[in-house]
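Trainee: The file below is final-v6.csv, CSV, C-alpha atoms and all ligand atoms:
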chain,number,residue,atom,x,y,z
A,1,MET,CA,-12.3,21.8,28.2
A,2,ALA,CA,-14.5,18.8,29.0
A,3,VAL,CA,-15.7,16.9,25.9
A,4,ARG,CA,-19.3,17.0,25.2
A,5,ALA,CA,-21.2,14.8,22.7
A,6,VAL,CA,-21.8,16.6,19.3
A,7,ALA,CA,-24.3,15.8,16.6
A,8,SER,CA,-23.3,12.9,14.3
A,9,PRO,CA,-21.0,14.1,11.6
A,10,ALA,CA,-21.6,13.1,8.0
A,11,GLY,CA,-20.5,9.5,7.3
A,12,PHE,CA,-20.2,8.6,11.0
A,13,ASP,CA,-22.4,5.5,10.5
A,14,GLU,CA,-19.8,4.1,8.2
A,15,MET,CA,-17.1,4.9,10.6
A,16,VAL,CA,-18.7,3.0,13.4
A,17,SER,CA,-19.8,0.0,11.4
A,18,GLY,CA,-17.9,-3.3,11.7
A,19,THR,CA,-16.0,-4.7,14.7
A,20,GLU,CA,-12.6,-5.1,13.0
A,21,ARG,CA,-9.9,-2.7,14.2
A,22,LYS,CA,-9.7,0.7,12.5
A,23,TYR,CA,-7.2,3.5,12.9
A,24,TYR,CA,-8.1,7.1,12.5
A,25,MET,CA,-5.2,9.6,12.2
A,26,LEU,CA,-6.2,13.2,12.7
A,27,GLY,CA,-3.9,15.8,11.3
A,28,GLY,CA,-3.9,19.4,10.2
A,29,LYS,CA,-2.5,22.9,10.8
A,30,GLY,CA,-1.4,23.8,14.3
A,31,GLY,CA,-4.2,24.9,16.6
A,32,VAL,CA,-7.2,24.0,14.4
A,33,GLY,CA,-8.5,21.6,17.1
A,34,LYS,CA,-6.9,18.2,16.3
A,35,THR,CA,-6.7,17.2,19.9
A,36,SER,CA,-10.3,18.3,20.7
A,37,CYS,CA,-11.6,16.5,17.6
A,38,ALA,CA,-9.6,13.4,18.4
A,39,ALA,CA,-11.0,13.4,22.0
A,40,SER,CA,-14.6,14.0,20.7
A,41,LEU,CA,-14.4,11.3,18.0
A,42,ALA,CA,-13.0,8.8,20.6
A,43,VAL,CA,-15.9,9.5,22.9
A,44,LYS,CA,-18.4,9.0,20.0
A,45,PHE,CA,-16.8,5.7,19.1
A,46,ALA,CA,-16.9,4.5,22.7
A,47,ASN,CA,-20.5,5.6,23.1
A,48,ASN,CA,-21.3,3.6,19.9
A,49,GLY,CA,-20.0,0.4,21.4
A,50,HIS,CA,-16.4,0.4,20.4
A,51,PRO,CA,-13.7,-0.2,23.0
A,52,THR,CA,-11.5,2.8,22.0
A,53,LEU,CA,-8.0,4.1,22.5
A,54,VAL,CA,-7.1,7.7,21.8
A,55,VAL,CA,-3.4,8.6,21.6
A,56,SER,CA,-1.6,11.9,21.6
A,57,THR,CA,2.0,12.8,21.2
A,58,ASP,CA,1.5,16.5,21.8
A,59,PRO,CA,4.0,17.6,24.5
A,60,ALA,CA,1.5,20.3,25.6
A,61,HIS,CA,-0.7,17.5,27.1
A,62,SER,CA,-3.9,18.9,25.5
A,63,LEU,CA,-5.5,15.5,25.7
A,64,SER,CA,-5.3,15.7,29.5
A,65,ASP,CA,-7.0,19.1,29.3
A,66,SER,CA,-9.7,17.8,26.9
A,67,PHE,CA,-10.7,15.0,29.3
A,68,ALA,CA,-9.9,17.0,32.4
A,69,GLN,CA,-7.9,14.0,33.6
A,70,ASP,CA,-4.2,13.6,34.2
A,71,LEU,CA,-3.0,11.3,31.4
A,72,ALA,CA,0.8,11.9,31.7
A,73,GLY,CA,3.0,8.9,32.4
A,74,GLY,CA,3.0,7.0,29.1
A,75,THR,CA,0.5,4.3,30.1
A,76,LEU,CA,-3.1,3.7,29.2
A,77,VAL,CA,-5.5,5.6,31.4
A,78,PRO,CA,-9.3,4.8,31.5
A,79,VAL,CA,-11.4,7.8,30.7
A,80,GLU,CA,-14.6,7.9,32.8
A,81,GLY,CA,-18.0,8.4,31.3
A,82,PRO,CA,-18.5,6.7,27.9
A,83,TYR,CA,-20.6,3.6,27.5
A,84,SER,CA,-17.8,1.3,26.2
A,85,PRO,CA,-14.2,1.3,27.5
A,86,LEU,CA,-12.3,4.4,26.5
A,87,PHE,CA,-8.6,4.6,27.3
A,88,ALA,CA,-6.3,7.6,26.6
A,89,LEU,CA,-2.5,7.6,26.2
A,90,GLU,CA,-0.3,10.6,26.2
A,91,LEU,CA,3.2,9.7,24.9
A,92,ASN,CA,6.3,11.8,25.5
A,93,PRO,CA,8.0,12.2,22.1
A,94,GLU,CA,11.3,13.3,23.8
A,95,LYS,CA,11.5,9.9,25.5
A,96,ALA,CA,11.0,8.1,22.2
A,97,LYS,CA,13.8,10.2,20.7
A,98,GLU,CA,16.2,9.4,23.5
A,99,GLU,CA,15.5,5.7,23.0
A,100,PHE,CA,16.5,6.0,19.3
A,101,GLN,CA,19.7,8.0,20.2
A,102,SER,CA,20.8,5.4,22.7
A,103,ALA,CA,20.2,2.5,20.3
A,104,THR,CA,22.1,4.1,17.5
A,105,GLN,CA,24.9,5.4,19.6
A,106,ILE,CA,25.8,1.9,21.0
A,107,SER,CA,25.7,0.5,17.5
A,108,GLY,CA,27.3,3.1,15.2
A,109,GLY,CA,28.5,6.0,17.2
A,110,SER,CA,32.0,7.5,17.7
A,111,GLY,CA,33.1,4.6,19.9
A,112,ILE,CA,33.1,2.2,16.9
A,113,LYS,CA,34.7,4.9,14.6
A,114,ASP,CA,37.6,5.4,17.0
A,115,PHE,CA,37.9,1.7,17.4
A,116,MET,CA,38.1,1.3,13.6
A,117,ASP,CA,40.6,4.1,13.2
A,118,GLY,CA,42.7,2.3,15.9
A,119,MET,CA,42.5,-0.9,13.8
A,120,GLY,CA,43.5,0.9,10.6
A,121,LEU,CA,40.1,0.2,9.0
A,122,GLY,CA,40.0,3.6,7.2
A,123,VAL,CA,37.6,2.6,4.4
A,124,LEU,CA,34.9,1.5,6.8
A,125,ALA,CA,35.4,4.7,8.9
A,126,GLU,CA,34.8,6.7,5.7
A,127,GLN,CA,31.6,4.9,5.0
A,128,LEU,CA,30.5,5.7,8.5
A,129,GLY,CA,31.2,9.4,7.8
A,130,GLU,CA,29.1,9.3,4.6
A,131,LEU,CA,26.1,8.2,6.6
A,132,LYS,CA,26.3,11.4,8.6
A,133,LEU,CA,25.6,9.4,11.7
A,134,GLY,CA,26.7,12.3,13.9
A,135,GLU,CA,23.9,14.5,12.5
A,136,LEU,CA,21.4,11.7,12.7
A,137,LEU,CA,22.2,11.0,16.3
A,138,ASP,CA,22.4,14.6,17.5
A,139,THR,CA,19.4,16.0,15.7
A,140,PRO,CA,17.1,13.1,14.7
A,141,PRO,CA,14.9,14.1,11.7
A,142,PRO,CA,11.5,15.8,12.6
A,143,GLY,CA,8.8,13.2,12.8
A,144,LEU,CA,11.0,10.5,14.1
A,145,ASP,CA,9.8,11.0,17.7
A,146,GLU,CA,6.2,10.7,16.5
A,147,ALA,CA,6.9,7.7,14.3
A,148,ILE,CA,8.5,5.9,17.3
A,149,ALA,CA,5.6,6.8,19.5
A,150,ILE,CA,3.1,5.4,17.0
A,151,SER,CA,5.1,2.2,16.7
A,152,LYS,CA,5.0,2.0,20.5
A,153,VAL,CA,1.3,2.1,20.4
A,154,MET,CA,1.3,-0.7,17.9
A,155,GLN,CA,3.4,-2.7,20.2
A,156,PHE,CA,1.0,-2.1,23.1
A,157,LEU,CA,-1.8,-3.3,20.9
A,158,GLU,CA,0.0,-6.6,20.2
A,159,SER,CA,-0.3,-7.6,23.8
A,160,GLN,CA,-3.3,-9.6,24.9
A,161,GLU,CA,-4.2,-7.1,27.6
A,162,TYR,CA,-4.9,-4.4,25.0
A,163,ASN,CA,-6.1,-6.3,22.0
A,164,MET,CA,-9.7,-5.5,22.7
A,165,PHE,CA,-9.6,-2.1,21.1
A,166,THR,CA,-11.6,-1.8,17.8
A,167,ARG,CA,-11.0,1.9,17.3
A,168,ILE,CA,-7.7,3.7,17.6
A,169,VAL,CA,-7.7,7.5,17.2
A,170,PHE,CA,-4.3,9.3,16.8
A,171,ASP,CA,-3.9,13.0,17.4
A,172,THR,CA,-0.9,13.6,15.1
A,173,ALA,CA,1.6,16.5,15.0
A,174,PRO,CA,0.8,19.6,13.0
A,175,THR,CA,1.0,19.4,9.2
A,176,GLY,CA,4.7,19.8,8.5
A,177,HIS,CA,5.7,17.0,10.9
A,178,THR,CA,3.0,14.7,9.7
A,179,LEU,CA,4.3,14.9,6.2
A,180,ARG,CA,7.9,14.4,7.3
A,181,LEU,CA,6.7,11.4,9.3
A,182,LEU,CA,5.4,9.8,6.1
A,183,SER,CA,8.7,10.0,4.3
A,184,LEU,CA,10.6,9.1,7.4
A,185,PRO,CA,10.2,5.3,7.4
A,186,ASP,CA,11.9,5.1,3.9
A,187,PHE,CA,14.7,7.4,5.1
A,188,LEU,CA,15.2,5.4,8.3
A,189,ASP,CA,14.9,2.1,6.6
A,190,LYS,CA,17.7,3.1,4.3
A,191,SER,CA,20.0,4.6,7.0
A,192,ILE,CA,19.4,1.9,9.6
A,193,GLY,CA,19.8,-0.7,6.9
A,194,LYS,CA,23.2,0.8,6.0
A,195,ILE,CA,24.2,1.0,9.7
A,196,LEU,CA,23.3,-2.7,10.2
A,197,LYS,CA,25.2,-3.8,7.1
A,198,LEU,CA,28.2,-1.8,8.2
A,199,ARG,CA,28.0,-3.2,11.6
A,200,GLN,CA,28.0,-6.7,10.2
A,201,LYS,CA,31.1,-5.9,8.2
A,202,ILE,CA,32.8,-4.4,11.3
A,203,ALA,CA,31.8,-7.5,13.4
A,204,SER,CA,33.1,-10.0,10.8
A,205,THR,CA,36.4,-8.0,10.3
A,206,THR,CA,37.1,-7.5,14.0
A,207,SER,CA,36.2,-11.1,14.9
A,208,ALA,CA,38.6,-12.3,12.1
A,209,ILE,CA,41.3,-10.0,13.5
A,210,LYS,CA,40.6,-11.1,17.1
A,211,SER,CA,40.6,-14.7,16.2
A,212,VAL,CA,44.0,-14.3,14.5
A,213,PHE,CA,45.3,-12.8,17.8
A,214,GLY,CA,43.3,-15.4,19.8
A,215,GLN,CA,41.1,-12.9,21.7
A,216,GLU,CA,37.7,-13.5,20.2
A,217,GLY,CA,35.2,-12.5,22.8
A,218,SER,CA,31.4,-13.2,23.0
A,219,PRO,CA,29.4,-11.2,20.4
A,220,LYS,CA,27.2,-8.4,21.6
A,221,PRO,CA,24.0,-8.7,19.6
A,222,ASP,CA,21.9,-6.3,21.8
A,223,ALA,CA,22.4,-3.0,20.0
A,224,ALA,CA,22.1,-4.5,16.5
A,225,ASP,CA,18.9,-6.3,17.5
A,226,LYS,CA,17.5,-3.1,18.9
A,227,LEU,CA,18.2,-1.3,15.7
A,228,GLU,CA,16.7,-4.1,13.6
A,229,ARG,CA,13.6,-4.0,15.7
A,230,LEU,CA,13.3,-0.3,15.3
A,231,ARG,CA,13.6,-0.7,11.6
A,232,GLU,CA,10.9,-3.3,11.5
A,233,ARG,CA,8.7,-1.1,13.6
A,234,MET,CA,9.2,1.9,11.2
A,235,ILE,CA,8.2,-0.4,8.3
A,236,LYS,CA,5.0,-1.3,10.2
A,237,VAL,CA,4.2,2.4,10.7
A,238,ARG,CA,4.7,3.0,7.0
A,239,GLU,CA,2.4,0.1,6.1
A,240,LEU,CA,-0.2,1.2,8.6
A,241,PHE,CA,-0.4,4.7,7.1
A,242,ARG,CA,-1.1,3.2,3.6
A,243,ASP,CA,-3.4,0.4,4.6
A,244,THR,CA,-6.7,1.4,3.0
A,245,THR,CA,-8.7,-1.4,4.8
A,246,SER,CA,-7.8,-0.4,8.3
A,247,THR,CA,-6.6,3.2,8.3
A,248,GLU,CA,-8.0,6.6,7.4
A,249,PHE,CA,-6.4,10.0,7.7
A,250,ILE,CA,-8.8,12.7,8.6
A,251,ILE,CA,-7.9,16.3,7.9
A,252,VAL,CA,-9.0,18.8,10.5
A,253,THR,CA,-9.5,22.3,9.4
A,254,ILE,CA,-11.2,25.6,10.3
A,255,PRO,CA,-13.2,27.8,7.9
A,256,THR,CA,-10.5,30.4,7.1
A,257,VAL,CA,-8.8,30.9,3.7
A,258,MET,CA,-5.3,30.1,5.1
A,259,ALA,CA,-6.4,26.9,6.9
A,260,ILE,CA,-8.3,25.7,3.8
A,261,SER,CA,-5.3,26.4,1.5
A,262,GLU,CA,-3.0,24.4,3.9
A,263,SER,CA,-5.6,21.6,4.1
A,264,SER,CA,-5.7,21.3,0.3
A,265,ARG,CA,-2.0,21.0,0.2
A,266,LEU,CA,-2.0,18.4,2.9
A,267,CYS,CA,-4.7,16.5,1.1
A,268,ALA,CA,-2.7,16.5,-2.2
A,269,SER,CA,0.5,15.4,-0.4
A,270,LEU,CA,-1.2,12.6,1.4
A,271,LYS,CA,-2.8,11.3,-1.8
A,272,MET,CA,0.7,11.5,-3.5
A,273,GLU,CA,2.0,9.3,-0.6
A,274,ASP,CA,-0.9,6.9,-1.1
A,275,VAL,CA,-2.3,7.6,2.3
A,276,PRO,CA,-6.1,6.9,2.4
A,277,VAL,CA,-7.9,10.3,3.0
A,278,LYS,CA,-11.6,10.8,2.3
A,279,ARG,CA,-13.0,12.8,5.2
A,280,LEU,CA,-12.5,16.3,6.5
A,281,ILE,CA,-13.6,17.8,9.8
A,282,ALA,CA,-14.5,21.5,9.5
A,283,ASN,CA,-14.1,22.6,13.1
A,284,GLN,CA,-15.2,25.9,14.7
A,285,ILE,CA,-18.1,26.7,12.4
A,286,LEU,CA,-20.3,29.2,14.1
A,287,PRO,CA,-23.9,27.9,14.5
A,288,PRO,CA,-26.7,30.3,13.4
A,289,SER,CA,-27.9,32.5,16.1
A,290,ALA,CA,-30.9,34.8,16.5
A,291,SER,CA,-28.9,37.5,18.3
A,292,ASP,CA,-26.2,37.9,15.8
A,293,CYS,CA,-23.4,40.2,17.0
A,294,LYS,CA,-21.3,42.1,14.5
A,295,PHE,CA,-18.2,39.9,15.2
A,296,CYS,CA,-20.0,36.6,14.7
A,297,ALA,CA,-21.8,37.9,11.5
A,298,MET,CA,-18.4,38.9,10.0
A,299,LYS,CA,-16.9,35.5,11.0
A,300,ARG,CA,-19.8,33.6,9.5
A,301,LYS,CA,-19.5,35.6,6.2
A,302,VAL,CA,-15.8,34.6,6.0
B,401,LIG,N1,-15.0,23.3,18.4
B,401,LIG,C1,-14.4,24.0,19.3
B,401,LIG,N2,-15.1,24.8,20.2
B,401,LIG,C2,-14.5,25.5,21.1
B,401,LIG,N3,-13.1,25.5,21.3
B,401,LIG,C3,-12.4,24.7,20.6
B,401,LIG,C4,-13.0,24.0,19.5
B,401,LIG,N4,-12.0,23.3,18.9
B,401,LIG,C5,-10.8,23.7,19.5
B,401,LIG,N5,-11.1,24.5,20.5
B,401,LIG,C6,-10.1,25.2,21.4
B,401,LIG,O1,-9.0,25.6,20.6
B,401,LIG,C7,-7.7,25.4,21.3
B,401,LIG,C8,-6.8,24.5,20.4
B,401,LIG,O2,-7.4,23.2,20.2
B,401,LIG,P1,-6.6,21.9,20.2
B,401,LIG,O3,-5.6,21.8,21.3
B,401,LIG,O4,-7.6,20.8,20.1
B,401,LIG,O5,-5.9,22.1,18.8
B,401,LIG,P2,-4.7,21.3,18.1
B,401,LIG,O6,-4.9,21.4,16.6
B,401,LIG,O7,-4.6,20.0,18.7
B,401,LIG,O8,-3.4,22.2,18.5
B,401,LIG,P3,-1.9,21.8,18.3
B,401,LIG,O9,-1.6,21.9,16.9
B,401,LIG,O10,-1.2,22.9,19.1
B,401,LIG,O11,-1.6,20.5,18.9
B,401,LIG,C9,-8.0,24.7,22.6
B,401,LIG,O12,-8.1,25.7,23.6
B,401,LIG,C10,-9.5,24.2,22.4
B,401,LIG,O13,-10.2,24.1,23.6
For this file, produce the structure as C-alpha cells.
Ligand SMILES: Nc1ncnc2c1ncn2[C@@H]1O[C@H](COP(=O)(O)OP(=O)(O)OP(=O)(O)O)[C@@H](O)[C@H]1O

Mentor:
Amino acid sequence: MAVRAVASPAGFDEMVSGTERKYYMLGGKGGVGKTSCAASLAVKFANNGHPTLVVSTDPAHSLSDSFAQDLAGGTLVPVEGPYSPLFALELNPEKAKEEFQSATQISGGSGIKDFMDGMGLGVLAEQLGELKLGELLDTPPPGLDEAIAISKVMQFLESQEYNMFTRIVFDTAPTGHTLRLLSLPDFLDKSIGKILKLRQKIASTTSAIKSVFGQEGSPKPDAADKLERLRERMIKVRELFRDTTSTEFIIVTIPTVMAISESSRLCASLKMEDVPVKRLIANQILPPSASDCKFCAMKRKV
C-alpha cells in the first residue's frame, strides 16, 4: 500500500511544533494498522519540515510494503517523495537477539561453568546456576530483540551523519511484547549486573590462582565490555520510554469493542509504568458515504 497524505489529526500542530528531537512510539493490538500509521505520521512530519526517521522491527517487513520500497538490510534508506528528508529503517529483531546471545555466551556460558567446576569453585558455579543463564541464553525474554533494536537506533542517532533527525517514529511490536519490553530493562539490568559481578569475582579468583602458579595471562575484557555496553543501552531505552519531554507513546486502535478494551488496558499499563501517553489514533473509521451498503452501515453502527 502506498502512503497517501491524510487530513491533519487532532493535536497534530502540537506534534510538529519545535525543532528539538521527539520520539513517537506507536503501539497497539496486532493488525490494527501500527505500521501504516507510523508510515503516514512520518510522511506528515517530513512534509511539515522535519527531517524524519521511521523505524520498524516487524519481521513481516510491512514498512517496505507501506512505502513500496525495499527497506531490508538494516541501514537507513531514503524514502522518495516528502518535502523534507525522510529515512526508513527496518531492523531484523532476530539479528539483535543473536548479538545478545553471543555476548552473554562468551561471558557467562557453560565454558566458564565447566572451567570453574574444574577449578573446584563450586560456590560460584551454584550462583551461575541460580541466574538461570542457560534459559536466558537459549530463550531470551520476549521484547529483548526489540529493546536491542531500539537501542541500536539510538546508537545510529548519536553519529554525526544521522543527528539531523528531529522526529523519530517507532512502529513497535504488538501490545504484549510492548509491555514486556517496558519491564525488560529492569530485568536485564539486574541479570546483566549479576553476570558482570560474578565475572569480576571469577576473574579475580582465577588470576589469583594463575599468579600462584605463575601463568597469569593477559585479561580478556571484550565480552565484559560488550555486556556492560548492552546494559547501558538498555538503561537508555528505559529512560527514553519515560522521558516526558521528548517521548510520547501513541496507542493505535480500531473501532471495535475488543480493540478498545485492549487499548484501555494498554493505556492503564503504560500509565502505571510512567510512560507518557496522551494521544490515540482511531484507525479504520469508515467515512460517511451517500451510497451506504448494508455491510458499511452495520460497521459504522458498531
Ligand atoms: N486506514 C487504513 N485503510 C486501509 N487499509 C489499512 C488501514 N490501516 C491498515 N490497513 C491495512 O491493514 C493491514 C494491517 O496493517 P498494518 O501492517 O499497518 O498493521 P500492524 O498493526 O502494523 O500489524 P502487525 O501487528 O502485524 O505488525 C495492512 O494490509 C494495511 O494495508

Trainee: Counting only C-alpha atoms and all ligand atoms, what residues are within 10 Å of ligand LIG 401 (chain B), given as a ChimeraX atom specification?

Mentor: /A:1-3,6,26-40,56-63,65-66,171-175,252-254,282-286

Trainee: Which distance in Å separates CA of Ala42 (chain A) and CA of Pro85 (chain A), to one decimal?

Mentor: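 Computed distance, CA of Ala42 (chain A) to CA of Pro85 (chain A), equals 10.3 Å.
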
Trainee: Please measure the separation of CA of Val275 (chain A) and CA of Phe241 (chain A), giving the value in Å to one decimal.

Mentor: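 Calculated distance between CA of Val275 (chain A) and CA of Phe241 (chain A) is 5.9 Å.
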
Trainee: I need the residue nearest Val277 (chain A) from this list: A:Thr19, A:Ser291, A:Ser246, A:Thr256. Use all atoms listed in the file for the distance.

Mentor: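 The answer is A:Ser246, which sits nearest to Val277 (chain A).
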
Trainee: Interatomic distance between CA of Arg21 (chain A) and CA of Phe165 (chain A)?

Mentor: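 Rounded to one decimal, the two atoms are 6.9 Å apart.
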
Trainee: Could you name the residues that touch Phe170 (chain A) at 6 Å or less, counting all atoms listed in the file, but leaving out those on the same chain fewer than 3 positions away, as a list in words?

Mentor: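 Contacts, with the query itself left out: Met25, Leu26, Val54 and Val55 of chain A.
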
Trainee: Excluding same-chain residues fewer than 2 positions from Gln155 (chain A), what lies within 12 Å of it counting all atoms listed in the file, as a PyMOL selection string?

Mentor: chain A and resi 148-153+157-163+229-230+232-234+236-237

Trainee: Kindly save the residues from that selection, with C-alpha atoms included, as a PDB file, in the coordinates of the input.

Mentor:
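And here is the file that came out, selection.pdb:
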ATOM      1  CA  ILE A 148       8.500   5.900  17.300  1.00  0.00           C
ATOM      2  CA  ALA A 149       5.600   6.800  19.500  1.00  0.00           C
ATOM      3  CA  ILE A 150       3.100   5.400  17.000  1.00  0.00           C
ATOM      4  CA  SER A 151       5.100   2.200  16.700  1.00  0.00           C
ATOM      5  CA  LYS A 152       5.000   2.000  20.500  1.00  0.00           C
ATOM      6  CA  VAL A 153       1.300   2.100  20.400  1.00  0.00           C
ATOM      7  CA  LEU A 157      -1.800  -3.300  20.900  1.00  0.00           C
ATOM      8  CA  GLU A 158       0.000  -6.600  20.200  1.00  0.00           C
ATOM      9  CA  SER A 159      -0.300  -7.600  23.800  1.00  0.00           C
ATOM     10  CA  GLN A 160      -3.300  -9.600  24.900  1.00  0.00           C
ATOM     11  CA  GLU A 161      -4.200  -7.100  27.600  1.00  0.00           C
ATOM     12  CA  TYR A 162      -4.900  -4.400  25.000  1.00  0.00           C
ATOM     13  CA  ASN A 163      -6.100  -6.300  22.000  1.00  0.00           C
ATOM     14  CA  ARG A 229      13.600  -4.000  15.700  1.00  0.00           C
ATOM     15  CA  LEU A 230      13.300  -0.300  15.300  1.00  0.00           C
ATOM     16  CA  GLU A 232      10.900  -3.300  11.500  1.00  0.00           C
ATOM     17  CA  ARG A 233       8.700  -1.100  13.600  1.00  0.00           C
ATOM     18  CA  MET A 234       9.200   1.900  11.200  1.00  0.00           C
ATOM     19  CA  LYS A 236       5.000  -1.300  10.200  1.00  0.00           C
ATOM     20  CA  VAL A 237       4.200   2.400  10.700  1.00  0.00           C
TER      21      VAL A 237
END

Trainee: Would you kindly return, as an mmCIF file with C-alpha atoms, in the coordinates of the input, each protein, DNA or RNA residue with an atom no farther than 6 Å from any atom of region 69-71 of chain A, considering all atoms listed in the file and excluding same-chain residues fewer than 2 positions away?

Mentor:
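Output below, filename result32.cif:
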data_model
loop_
_atom_site.group_PDB
_atom_site.id
_atom_site.type_symbol
_atom_site.label_atom_id
_atom_site.label_comp_id
_atom_site.auth_asym_id
_atom_site.auth_seq_id
_atom_site.Cartn_x
_atom_site.Cartn_y
_atom_site.Cartn_z
ATOM 1 C CA SER A 64 -5.300 15.700 29.500
ATOM 2 C CA PHE A 67 -10.700 15.000 29.300
ATOM 3 C CA GLU A 90 -0.300 10.600 26.200
#

Trainee: Applying 12 Å and only C-alpha atoms, which residues near Pro82 (chain A) remain after dropping the ones on its own chain fewer than 6 positions away? List them as a ChimeraX atom specification.

Mentor: /A:3-5,39-52,67

Trainee: For the point (-25.4, 29.7, 8.1) in file coordinates, what residues are within 12 Å, counting only C-alpha atoms? Give the answer as a PDB file with C-alpha atoms, in the frame of the given file?

Mentor:
ATOM      1  CA  ILE A 285     -18.100  26.700  12.400  1.00  0.00           C
ATOM      2  CA  LEU A 286     -20.300  29.200  14.100  1.00  0.00           C
ATOM      3  CA  PRO A 287     -23.900  27.900  14.500  1.00  0.00           C
ATOM      4  CA  PRO A 288     -26.700  30.300  13.400  1.00  0.00           C
ATOM      5  CA  SER A 289     -27.900  32.500  16.100  1.00  0.00           C
ATOM      6  CA  ALA A 290     -30.900  34.800  16.500  1.00  0.00           C
ATOM      7  CA  ASP A 292     -26.200  37.900  15.800  1.00  0.00           C
ATOM      8  CA  CYS A 296     -20.000  36.600  14.700  1.00  0.00           C
ATOM      9  CA  ALA A 297     -21.800  37.900  11.500  1.00  0.00           C
ATOM     10  CA  MET A 298     -18.400  38.900  10.000  1.00  0.00           C
ATOM     11  CA  LYS A 299     -16.900  35.500  11.000  1.00  0.00           C
ATOM     12  CA  ARG A 300     -19.800  33.600   9.500  1.00  0.00           C
ATOM     13  CA  LYS A 301     -19.500  35.600   6.200  1.00  0.00           C
ATOM     14  CA  VAL A 302     -15.800  34.600   6.000  1.00  0.00           C
TER      15      VAL A 302
END

Trainee: Just checking: using only C-alpha atoms, which residue out of A:Leu86, A:Pro78, A:Arg167, A:Leu266 ends up closest to Ser17 (chain A)?

Mentor: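 Of A:Leu86, A:Pro78, A:Arg167, A:Leu266, the one nearest Ser17 (chain A) is A:Arg167, counting only C-alpha atoms.
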
Trainee: Box for region 166-174 of chain A - axis-aligned, 4 Å on each of the six sides, all listed atoms - centre and size in Å to one decimal, as JSON.

Mentor:
{"center_x": -5.0, "center_y": 8.9, "center_z": 15.4, "size_x": 21.2, "size_y": 29.4, "size_z": 12.8}

Trainee: A:Ala68, A:Val169, A:Ala147, A:Val16: which is nearest Gly81 (chain A), counting all atoms listed in the file?

Mentor: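 When distances to Gly81 (chain A) are compared using all atoms listed in the file, the smallest one comes from A:Ala68.
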
Trainee: A:Arg231, A:Pro276, A:Glu262, A:Ser204: which is nearest Glu248 (chain A), counting all atoms listed in the file?

Mentor: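 For Glu248 (chain A), the nearest of the given residues is A:Pro276.
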